[in-house]
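Asker: query-v6.txt is reproduced below (compact mmCIF, C-alpha atoms).
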# COMPACT_ATOMS: atom_id res chain seq x y z
CA MET A 958 -23.59 -16.33 4.75
CA GLU A 959 -23.89 -13.56 2.15
CA ALA A 960 -23.63 -9.84 2.82
CA THR A 961 -23.86 -6.75 0.67
CA ILE A 962 -21.42 -3.96 1.39
CA THR A 963 -20.39 -0.77 -0.34
CA LEU A 964 -16.79 0.26 -0.89
CA ARG A 965 -15.52 3.49 -2.41
CA VAL A 966 -12.78 2.07 -4.64
CA ASP A 967 -10.49 4.62 -6.25
CA GLY A 968 -13.19 7.26 -5.82
CA GLU A 969 -16.12 5.22 -7.15
CA GLU A 970 -18.93 3.78 -4.97
CA ARG A 971 -19.01 0.02 -5.59
CA PRO A 972 -21.68 -2.21 -3.99
CA VAL A 973 -20.68 -5.86 -3.77
CA SER A 974 -22.40 -9.03 -2.52
CA LEU A 975 -20.04 -11.55 -1.03
CA ASP A 976 -19.54 -14.34 1.46
CA THR A 977 -18.77 -12.89 4.89
CA ARG A 978 -15.46 -14.80 4.90
CA THR A 979 -14.16 -13.01 1.78
CA SER A 980 -10.97 -11.01 2.18
CA LEU A 981 -10.83 -7.44 0.96
CA LEU A 982 -8.26 -8.55 -1.62
CA ASP A 983 -10.57 -11.22 -3.03
CA ALA A 984 -13.51 -8.82 -3.02
CA LEU A 985 -11.48 -6.30 -5.00
CA ARG A 986 -9.99 -8.75 -7.50
CA GLU A 987 -12.65 -11.44 -7.89
CA ARG A 988 -15.88 -9.55 -7.27
CA LEU A 989 -15.08 -6.02 -8.45
CA GLY A 990 -12.44 -6.71 -11.12
CA VAL A 991 -9.87 -4.39 -9.54
CA ASN A 992 -6.53 -5.94 -10.45
CA ALA A 993 -4.02 -3.41 -9.09
CA PRO A 994 -3.52 -5.18 -5.74
CA LYS A 995 -1.80 -8.51 -6.35
CA LYS A 996 -2.23 -11.81 -4.57
CA GLY A 997 1.21 -12.86 -3.44
CA CYS A 998 1.43 -14.97 -0.31
CA ASP A 999 -2.17 -14.58 0.91
CA HIS A 1000 -0.74 -14.49 4.47
CA GLY A 1001 0.14 -10.80 4.90
CA GLN A 1002 3.86 -11.44 4.59
CA CYS A 1003 4.78 -10.08 1.14
CA GLY A 1004 2.89 -6.77 0.82
CA ALA A 1005 1.85 -7.28 -2.83
CA CYS A 1006 -1.79 -6.70 -1.82
CA THR A 1007 -1.16 -3.42 0.04
CA VAL A 1008 -3.84 -0.75 -0.47
CA LEU A 1009 -4.85 2.37 1.43
CA VAL A 1010 -8.06 2.02 3.46
CA ASP A 1011 -9.32 5.34 4.74
CA GLY A 1012 -5.82 6.69 4.18
CA ARG A 1013 -3.92 3.95 6.04
CA ARG A 1014 -1.91 1.21 4.41
CA VAL A 1015 -3.17 -2.32 4.95
CA THR A 1016 -2.46 -5.78 3.62
CA SER A 1017 -5.82 -6.45 2.02
CA CYS A 1018 -5.46 -10.24 2.13
CA LEU A 1019 -5.80 -10.11 5.94
CA LEU A 1020 -8.93 -7.93 6.16
CA LEU A 1021 -12.42 -9.31 5.92
CA ALA A 1022 -14.25 -7.22 3.35
CA VAL A 1023 -17.42 -7.02 5.48
CA THR A 1024 -15.47 -5.13 8.16
CA GLN A 1025 -14.72 -2.41 5.63
CA ASP A 1026 -18.30 -1.54 4.63
CA GLY A 1027 -18.37 2.15 3.69
CA ALA A 1028 -14.58 2.46 3.63
CA SER A 1029 -12.56 4.32 1.03
CA VAL A 1030 -10.08 1.98 -0.69
CA VAL A 1031 -7.31 3.43 -2.82
CA THR A 1032 -5.28 1.09 -4.99
CA ALA A 1033 -2.19 1.90 -7.01
CA ALA A 1034 -4.50 2.54 -9.97
CA GLY A 1035 -6.30 5.28 -8.07
CA LEU A 1036 -3.28 6.67 -6.27
CA GLY A 1037 -2.78 9.43 -8.84
CA ALA A 1038 -5.57 11.41 -7.19
CA GLU A 1039 -3.74 11.27 -3.83
CA ALA A 1040 -1.11 13.88 -2.89
CA GLU A 1041 1.75 11.36 -2.88
CA GLY A 1042 0.49 9.32 -5.81
CA GLU A 1043 1.83 10.93 -8.94
CA PRO A 1044 5.23 11.88 -7.46
CA LEU A 1045 5.69 8.29 -6.24
CA ARG A 1046 4.64 6.76 -9.54
CA ARG A 1047 6.99 9.12 -11.41
CA ALA A 1048 9.89 8.41 -9.02
CA PHE A 1049 9.42 4.63 -9.37
CA LEU A 1050 9.63 5.06 -13.15
CA ASP A 1051 12.58 7.47 -13.04
CA HIS A 1052 14.58 5.22 -10.69
CA ASP A 1053 13.56 1.89 -12.25
CA GLY A 1054 11.99 0.89 -8.94
CA PHE A 1055 10.57 -2.28 -10.45
CA GLN A 1056 11.60 -5.18 -12.64
CA CYS A 1057 8.77 -7.62 -13.20
CA GLY A 1058 6.32 -5.12 -11.68
CA TYR A 1059 4.34 -7.64 -9.67
CA CYS A 1060 5.09 -6.06 -6.29
CA THR A 1061 5.03 -2.47 -7.59
CA PRO A 1062 1.37 -1.63 -6.85
CA GLY A 1063 1.82 -2.75 -3.23
CA GLN A 1064 5.18 -0.99 -2.96
CA VAL A 1065 3.74 2.30 -4.22
CA CYS A 1066 0.68 2.14 -1.93
CA SER A 1067 2.86 1.19 1.02
CA ALA A 1068 5.24 4.06 0.29
CA ALA A 1069 2.33 6.52 0.18
CA GLY A 1070 1.04 5.24 3.52
CA MET A 1071 4.52 5.24 5.01
CA LEU A 1072 5.09 8.87 4.01
CA ARG A 1073 1.81 9.83 5.69
CA GLU A 1074 2.74 7.94 8.86
CA ALA A 1075 6.12 9.65 9.06
CA ARG A 1076 4.57 13.11 8.50
CA ALA A 1077 2.10 12.36 11.30
CA GLY A 1078 5.03 11.67 13.63
CA HIS A 1079 4.61 7.89 13.94
CA ALA A 1080 7.89 6.40 15.07
CA SER A 1081 9.39 3.19 13.71
CA HIS A 1082 11.66 0.63 15.32
CA VAL A 1083 14.74 2.58 14.16
CA THR A 1084 13.56 6.11 15.02
CA ASP A 1085 16.24 7.69 17.21
CA ASP A 1086 14.27 10.53 18.81
CA LEU A 1087 10.78 9.40 19.78
CA SER A 1088 9.83 12.90 20.90
CA ALA A 1089 10.79 14.59 17.61
CA ASP A 1090 8.06 16.44 15.76
CA ASP A 1091 9.78 15.77 12.44
CA ILE A 1092 11.17 12.30 11.73
CA PRO A 1093 13.89 12.40 9.07
CA LEU A 1094 13.32 9.68 6.50
CA ASP A 1095 16.87 8.48 6.04
CA ASP A 1096 17.65 5.16 4.37
CA ALA A 1097 17.35 3.18 7.62
CA GLU A 1098 13.90 4.65 8.34
CA ILE A 1099 12.66 3.97 4.82
CA ARG A 1100 13.99 0.40 4.85
CA GLU A 1101 12.39 -0.34 8.22
CA ARG A 1102 9.06 1.18 7.28
CA MET A 1103 8.96 -0.67 3.93
CA SER A 1104 10.14 -4.00 5.36
CA GLY A 1105 6.71 -5.59 4.95
CA ASN A 1106 6.92 -5.28 1.16
CA LEU A 1107 9.02 -7.88 -0.61
CA CYS A 1108 10.47 -7.63 -4.11
CA ARG A 1109 11.45 -11.01 -5.47
CA CYS A 1110 13.45 -9.35 -8.28
CA GLY A 1111 15.64 -7.46 -5.81
CA ALA A 1112 14.92 -3.90 -6.98
CA TYR A 1113 15.36 -2.63 -3.42
CA PRO A 1114 18.10 -0.04 -4.13
CA ASN A 1115 15.95 1.55 -6.82
CA ILE A 1116 12.79 1.42 -4.70
CA LEU A 1117 14.72 3.09 -1.88
CA ALA A 1118 16.01 5.80 -4.23
CA ALA A 1119 12.49 6.48 -5.52
CA ILE A 1120 11.01 6.82 -2.04
CA ARG A 1121 13.96 8.88 -0.83
CA GLU A 1122 13.37 11.34 -3.68
CA VAL A 1123 9.70 11.81 -2.81
CA ALA A 1124 10.40 11.99 0.95
CA ARG A 1125 12.63 15.06 0.44
Represent the structure of the file as C-alpha cells.
Answerer:
Amino acid sequence: MEATITLRVDGEERPVSLDTRTSLLDALRERLGVNAPKKGCDHGQCGACTVLVDGRRVTSCLLLAVTQDGASVVTAAGLGAEAEGEPLRRAFLDHDGFQCGYCTPGQVCSAAGMLREARAGHASHVTDDLSADDIPLDDAEIRERMSGNLCRCGAYPNILAAIREVAR
C-alpha cells in the first residue's frame, strides 16, 4: 500500500510517496536522496542511521516512515543549525573522532541527542544520583549514553574526547 507523507528534513519540507512498510532510513536515503544517515546493520544495533526526530535521537532503520508524517528530521548534514551541531562537528574534527567516517553522522547526531537528554535530567544506567537536577557527564556517563553507536575503526577514545569537550 502506498502513502504520501511530508517530512521536514534538515529544515526543508519534503513530501514523499512510499510503501507503508518503508523505514525512515530508506525513505531518507532511497526516496529523498539524503545520504547523511548510513545503513549499517539495518537492525538498530549499530547506530549508523541515528538522526534526530522532533529533537530526539532515533535509529531511523527501526521507524516506519509513515509514523513520522509531519515530523522534523535532522541529519548530521543539517545539524549545523542546531545548538549542539557546530560545536560537535568542530570537536569531532579537532579530536579526530573518526577514521573511515562511516559511523560519524550517526555518532554526531547521537551525541547531540544525548547532550539534550542529559540537560533535561534523564538518567542513564550509570547515573549515581537519580534525584540530581544536573547530571555530570563524566566518561562513564558518556560511554553508557553512546553505547548504541558502534565504530568499527575503534575511534572511541577520540569520540569520547570530542563529546567531553562539548559537554563542558
Asker: Which polymer residues have any atom within 6 Å of an atom of Ala1005 in chain A, counting all atoms listed in the file, with same-chain residues fewer than 6 positions away left out, as a PDB file with C-alpha atoms, in the coordinates of the input?
Answerer:
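Saved file around.pdb follows:
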ATOM      1  CA  LYS A 995      -1.800  -8.510  -6.350  1.00  0.00           C
ATOM      2  CA  GLY A 997       1.210 -12.860  -3.440  1.00  0.00           C
ATOM      3  CA  CYS A1060       5.090  -6.060  -6.290  1.00  0.00           C
ATOM      4  CA  GLY A1063       1.820  -2.750  -3.230  1.00  0.00           C
TER       5      GLY A1063
END
Asker: Contacts of Val1008 in chain A at 6 Å or less, counting only C-alpha atoms, minus same-chain residues fewer than 4 places along, as a list in words?
Answerer: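 Near neighbours after the sequence-gap exclusion: Arg1014, Val1015, Val1031, Thr1032 and Cys1066 of chain A.
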Asker: For Val1065 in chain A, work out the shell of residues within 10 Å, counting only C-alpha atoms and skipping chain neighbours fewer than 3 positions away, then give it as a VMD selection string.
Answerer: chain A and resid 1005 1007 to 1008 1032 to 1033 1036 1041 to 1042 1045 to 1046 1048 to 1049 1054 1060 to 1062 1068 to 1071 1106 1116 1119 to 1120
Asker: Create the file for the chosen residues now, containing C-alpha atoms and written as a CSV table (one decimal), in the coordinates of the input.
Answerer:
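Heads up, here's the output in selection.csv:
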chain,number,residue,atom,x,y,z
A,1005,ALA,CA,1.8,-7.3,-2.8
A,1007,THR,CA,-1.2,-3.4,0.0
A,1008,VAL,CA,-3.8,-0.8,-0.5
A,1032,THR,CA,-5.3,1.1,-5.0
A,1033,ALA,CA,-2.2,1.9,-7.0
A,1036,LEU,CA,-3.3,6.7,-6.3
A,1041,GLU,CA,1.8,11.4,-2.9
A,1042,GLY,CA,0.5,9.3,-5.8
A,1045,LEU,CA,5.7,8.3,-6.2
A,1046,ARG,CA,4.6,6.8,-9.5
A,1048,ALA,CA,9.9,8.4,-9.0
A,1049,PHE,CA,9.4,4.6,-9.4
A,1054,GLY,CA,12.0,0.9,-8.9
A,1060,CYS,CA,5.1,-6.1,-6.3
A,1061,THR,CA,5.0,-2.5,-7.6
A,1062,PRO,CA,1.4,-1.6,-6.8
A,1068,ALA,CA,5.2,4.1,0.3
A,1069,ALA,CA,2.3,6.5,0.2
A,1070,GLY,CA,1.0,5.2,3.5
A,1071,MET,CA,4.5,5.2,5.0
A,1106,ASN,CA,6.9,-5.3,1.2
A,1116,ILE,CA,12.8,1.4,-4.7
A,1119,ALA,CA,12.5,6.5,-5.5
A,1120,ILE,CA,11.0,6.8,-2.0
Asker: Just the number, please: distance in Å from CA of Ala1112 in chain A to CA of Asp1096 in chain A, one decimal.
Answerer: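 Interatomic distance, CA of Ala1112 in chain A to CA of Asp1096 in chain A: 14.8 Å.
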Asker: Which residues are near Asp976 in chain A? Cut-off 12 Å, only C-alpha atoms, ignore same chain within fewer than 5 positions. Put them as a list in words.
Answerer: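 Selected residues are Met958, Glu959, Ala960, Thr961, Ile962, Leu981, Asp983, Ala984, Glu987, Arg988, Leu1021, Ala1022 and Val1023 of chain A.
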Asker: Please produce an output containing C-alpha atoms for each residue in the selection, written as an mmCIF file, in the coordinates of the input.
Answerer:
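Result saved to selection-v9.cif:
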data_model
loop_
_atom_site.group_PDB
_atom_site.id
_atom_site.type_symbol
_atom_site.label_atom_id
_atom_site.label_comp_id
_atom_site.auth_asym_id
_atom_site.auth_seq_id
_atom_site.Cartn_x
_atom_site.Cartn_y
_atom_site.Cartn_z
ATOM 1 C CA MET A 958 -23.590 -16.330 4.750
ATOM 2 C CA GLU A 959 -23.890 -13.560 2.150
ATOM 3 C CA ALA A 960 -23.630 -9.840 2.820
ATOM 4 C CA THR A 961 -23.860 -6.750 0.670
ATOM 5 C CA ILE A 962 -21.420 -3.960 1.390
ATOM 6 C CA LEU A 981 -10.830 -7.440 0.960
ATOM 7 C CA ASP A 983 -10.570 -11.220 -3.030
ATOM 8 C CA ALA A 984 -13.510 -8.820 -3.020
ATOM 9 C CA GLU A 987 -12.650 -11.440 -7.890
ATOM 10 C CA ARG A 988 -15.880 -9.550 -7.270
ATOM 11 C CA LEU A 1021 -12.420 -9.310 5.920
ATOM 12 C CA ALA A 1022 -14.250 -7.220 3.350
ATOM 13 C CA VAL A 1023 -17.420 -7.020 5.480
#
Asker: Using only C-alpha atoms, pick whichever of A:Ile1092, A:Val966, A:Cys1110, A:Ala993 has the shortest atom-to-atom distance to Gln1025 in chain A.
Answerer: A:Val966
Asker: Hey, what's within 10 Å of Leu964 in chain A if we count only C-alpha atoms and toss same-chain stuff fewer than 6 positions away? As a PyMOL selection string, please?
Answerer: chain A and resi 970-973+981+984-985+989+1010+1022-1023+1025-1030
Asker: Would you export the selected residues with C-alpha atoms as a PDB file, in the frame of the given file, please?
Answerer:
ATOM      1  CA  GLU A 970     -18.930   3.780  -4.970  1.00  0.00           C
ATOM      2  CA  ARG A 971     -19.010   0.020  -5.590  1.00  0.00           C
ATOM      3  CA  PRO A 972     -21.680  -2.210  -3.990  1.00  0.00           C
ATOM      4  CA  VAL A 973     -20.680  -5.860  -3.770  1.00  0.00           C
ATOM      5  CA  LEU A 981     -10.830  -7.440   0.960  1.00  0.00           C
ATOM      6  CA  ALA A 984     -13.510  -8.820  -3.020  1.00  0.00           C
ATOM      7  CA  LEU A 985     -11.480  -6.300  -5.000  1.00  0.00           C
ATOM      8  CA  LEU A 989     -15.080  -6.020  -8.450  1.00  0.00           C
ATOM      9  CA  VAL A1010      -8.060   2.020   3.460  1.00  0.00           C
ATOM     10  CA  ALA A1022     -14.250  -7.220   3.350  1.00  0.00           C
ATOM     11  CA  VAL A1023     -17.420  -7.020   5.480  1.00  0.00           C
ATOM     12  CA  GLN A1025     -14.720  -2.410   5.630  1.00  0.00           C
ATOM     13  CA  ASP A1026     -18.300  -1.540   4.630  1.00  0.00           C
ATOM     14  CA  GLY A1027     -18.370   2.150   3.690  1.00  0.00           C
ATOM     15  CA  ALA A1028     -14.580   2.460   3.630  1.00  0.00           C
ATOM     16  CA  SER A1029     -12.560   4.320   1.030  1.00  0.00           C
ATOM     17  CA  VAL A1030     -10.080   1.980  -0.690  1.00  0.00           C
TER      18      VAL A1030
END
Asker: Quote the spacing between CA of Leu1094 in chain A and CA of Leu1107 in chain A in Å to one decimal place.
Answerer: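 For CA of Leu1094 in chain A relative to CA of Leu1107 in chain A, the distance reads 19.4 Å.
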Asker: One number please: CA of Leu1072 in chain A to CA of Gly1004 in chain A, in Å, one decimal.
Answerer: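 Rounded to one decimal, the two atoms are 16.1 Å apart.
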Asker: Under the rule that all atoms listed in the file are counted, which of A:Ala1118, A:Val1123, A:Gly1001, A:Pro1093 is the nearest residue to Glu1043 in chain A?
Answerer: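 Looking only at the distances to Glu1043 in chain A, the closest residue turns out to be A:Val1123.
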Asker: Could you work out an axis-aligned bounding box for all listed atoms of range 1086-1092 of chain A, with 3 Å added on each of the six sides, and give its centre and edge lengths in Å to one decimal, as JSON?
Answerer:
{"center_x": 11.2, "center_y": 12.9, "center_z": 16.3, "size_x": 12.2, "size_y": 13.0, "size_z": 15.2}
